[in-house]
Amino acid sequence: MIVKQQFRFEAAHHLPQHMGKCFSPHGHSYRVELAVEARVSPETGMTIDFADMEAIVRSNVLESCDHRDLNELIENPTAENIVVWIWKRLEKALPGLVSIELWEVEGCSVLYRGEGASL
């Protein structure tokens, strides 16, 4: 079974290697969706408690990046690099993590399935 949960965070960034409008400092209301695959426990009837998943994401990701300048955390904070950064912070804490999707703005997202995953 695959369980998904979404989170939001606010952050600023700029892309010094990009000569478009993202060169200048600006902010986004990011949305992130995690997918975890696991067997349903016969004792609990759940794969993972949503509250447990939220606590893991909060302590490993959100507390570090919410209302922050992502350039202080990630060398080149493109959507692609941000989602990989999130994955690295969660892959050991969330067994069964299969994908992370990050929306920078509505309608524009990047989906990451871990290093070596085929798309």
# chains A, B, ... in the order shown; residues from 1 in each chain; ligands from 1

call {"tool": "closest_atom_pairs", "arguments": {"of": "region 88-118 of chain A", "to": "region 11-35 of chain A", "cutoff": "6 Å", "atoms": "only C-alpha atoms", "output": "CSV"}}
result
residue,atom,partner,partner_atom,distance
A:Leu97,CA,A:Ala35,CA,6.0
A:Val98,CA,A:Ala35,CA,5.6
A:Ser99,CA,A:Ala35,CA,5.2
A:Ile100,CA,A:Leu34,CA,4.6
A:Glu101,CA,A:Glu33,CA,5.1
A:Leu102,CA,A:Val32,CA,4.5
A:Trp103,CA,A:Arg31,CA,5.1
A:Glu104,CA,A:Tyr30,CA,5.1

call {"tool": "write_last_selection", "arguments": {"atoms": "C-alpha atoms", "output": "mmCIF file, in the first residue's frame"}}
result
data_model
loop_
_atom_site.group_PDB
_atom_site.id
_atom_site.type_symbol
_atom_site.label_atom_id
_atom_site.label_comp_id
_atom_site.auth_asym_id
_atom_site.auth_seq_id
_atom_site.Cartn_x
_atom_site.Cartn_y
_atom_site.Cartn_z
ATOM 1 C CA LEU A 97 9.904 6.237 0.988
ATOM 2 C CA VAL A 98 9.177 5.833 -2.740
ATOM 3 C CA SER A 99 8.761 9.375 -4.034
ATOM 4 C CA ILE A 100 8.743 13.049 -3.198
ATOM 5 C CA GLU A 101 6.996 15.634 -5.331
ATOM 6 C CA LEU A 102 7.770 19.317 -4.820
ATOM 7 C CA TRP A 103 5.656 22.173 -6.196
ATOM 8 C CA GLU A 104 7.376 25.543 -6.412
#

call {"tool": "select_by_dssp", "arguments": {"residues": "chain A", "states": "helix (DSSP H, G or I)", "output": "PyMOL selection string"}}
result
chain A and resi 21-23+50-65+70-72+79-90

call {"tool": "residues_around", "arguments": {"residues": "Ile74 (chain A)", "least_positions_apart": "2", "cutoff": "12 Å", "atoms": "only C-alpha atoms", "output": "list in words"}}
result
Ala12, His13, His14, Leu15, Ser64, Cys65, Arg68, Asp69, Leu70, Asn71, Glu72, Asn76, Pro77, Thr78, Ala79, Glu80, Asn81, Ile82, Val83, Val84, Trp85 and Ile86 of chain A

call {"tool": "atom_distance", "arguments": {"atom1": "CA of Glu43 (chain A)", "atom2": "CA of Ala93 (chain A)"}}
result
21.9 Å

call {"tool": "select_by_dssp", "arguments": {"residues": "region 13-105 of chain A", "states": "strand (DSSP E or B)", "output": "PyMOL selection string"}}
result
chain A and resi 13+26-37+68-69+97-105

call {"tool": "atom_distance", "arguments": {"atom1": "CA of Thr47 (chain A)", "atom2": "CA of Glu91 (chain A)"}}
result
16.5 Å

call {"tool": "residues_around", "arguments": {"residues": "Gly96 (chain A)", "least_positions_apart": "3", "cutoff": "6 Å", "atoms": "only C-alpha atoms", "output": "PyMOL selection string"}}
result
chain A and resi 36-38

call {"tool": "write_last_selection", "arguments": {"atoms": "N, CA and C atoms", "output": "PDB file, in the first residue's frame"}}
result
ATOM      1  N   VAL A  36       4.982   6.847   0.806  1.00  0.00           N
ATOM      2  CA  VAL A  36       5.652   5.780   1.545  1.00  0.00           C
ATOM      3  C   VAL A  36       4.913   4.480   1.258  1.00  0.00           C
ATOM      4  N   GLU A  37       5.673   3.448   0.895  1.00  0.00           N
ATOM      5  CA  GLU A  37       5.077   2.146   0.608  1.00  0.00           C
ATOM      6  C   GLU A  37       5.427   1.179   1.729  1.00  0.00           C
ATOM      7  N   ALA A  38       4.413   0.527   2.243  1.00  0.00           N
ATOM      8  CA  ALA A  38       4.613  -0.436   3.330  1.00  0.00           C
ATOM      9  C   ALA A  38       3.404  -1.358   3.410  1.00  0.00           C
TER      10      ALA A  38
END

call {"tool": "decode", "arguments": {"residues": "region 25-61 of chain A", "atoms": "C-alpha atoms", "output": "short mmCIF file (atom, residue, chain, number, x, y, z; two decimals), in the first residue's frame"}}
result
data_model
loop_
_atom_site.label_atom_id
_atom_site.label_comp_id
_atom_site.auth_asym_id
_atom_site.auth_seq_id
_atom_site.Cartn_x
_atom_site.Cartn_y
_atom_site.Cartn_z
CA PRO A 25 15.87 36.88 -4.39
CA HIS A 26 12.20 35.89 -4.14
CA GLY A 27 9.97 33.52 -2.18
CA HIS A 28 7.64 30.60 -2.73
CA SER A 29 4.90 28.78 -0.87
CA TYR A 30 6.25 25.27 -1.48
CA ARG A 31 4.09 22.17 -1.36
CA VAL A 32 5.68 18.77 -0.89
CA GLU A 33 4.04 15.35 -1.17
CA LEU A 34 5.69 12.22 0.20
CA ALA A 35 4.75 8.68 -0.75
CA VAL A 36 5.65 5.78 1.54
CA GLU A 37 5.08 2.15 0.61
CA ALA A 38 4.61 -0.44 3.33
CA ARG A 39 2.47 -3.36 4.36
CA VAL A 40 -0.59 -2.77 6.43
CA SER A 41 -0.01 -3.90 9.99
CA PRO A 42 -2.60 -6.50 11.04
CA GLU A 43 -2.46 -5.09 14.59
CA THR A 44 -3.07 -1.41 13.73
CA GLY A 45 -4.65 -1.60 10.28
CA MET A 46 -2.21 1.11 9.16
CA THR A 47 1.05 1.32 7.28
CA ILE A 48 2.23 4.43 9.12
CA ASP A 49 0.46 6.84 11.43
CA PHE A 50 0.06 10.22 9.70
CA ALA A 51 1.04 11.94 12.96
CA ASP A 52 4.31 9.96 13.05
CA MET A 53 5.02 10.85 9.43
CA GLU A 54 4.36 14.52 10.15
CA ALA A 55 6.70 14.49 13.16
CA ILE A 56 9.49 12.95 11.06
CA VAL A 57 9.06 15.51 8.28
CA ARG A 58 8.81 18.39 10.73
CA SER A 59 12.00 17.50 12.60
CA ASN A 60 14.06 16.47 9.56
CA VAL A 61 12.94 19.03 6.98
#
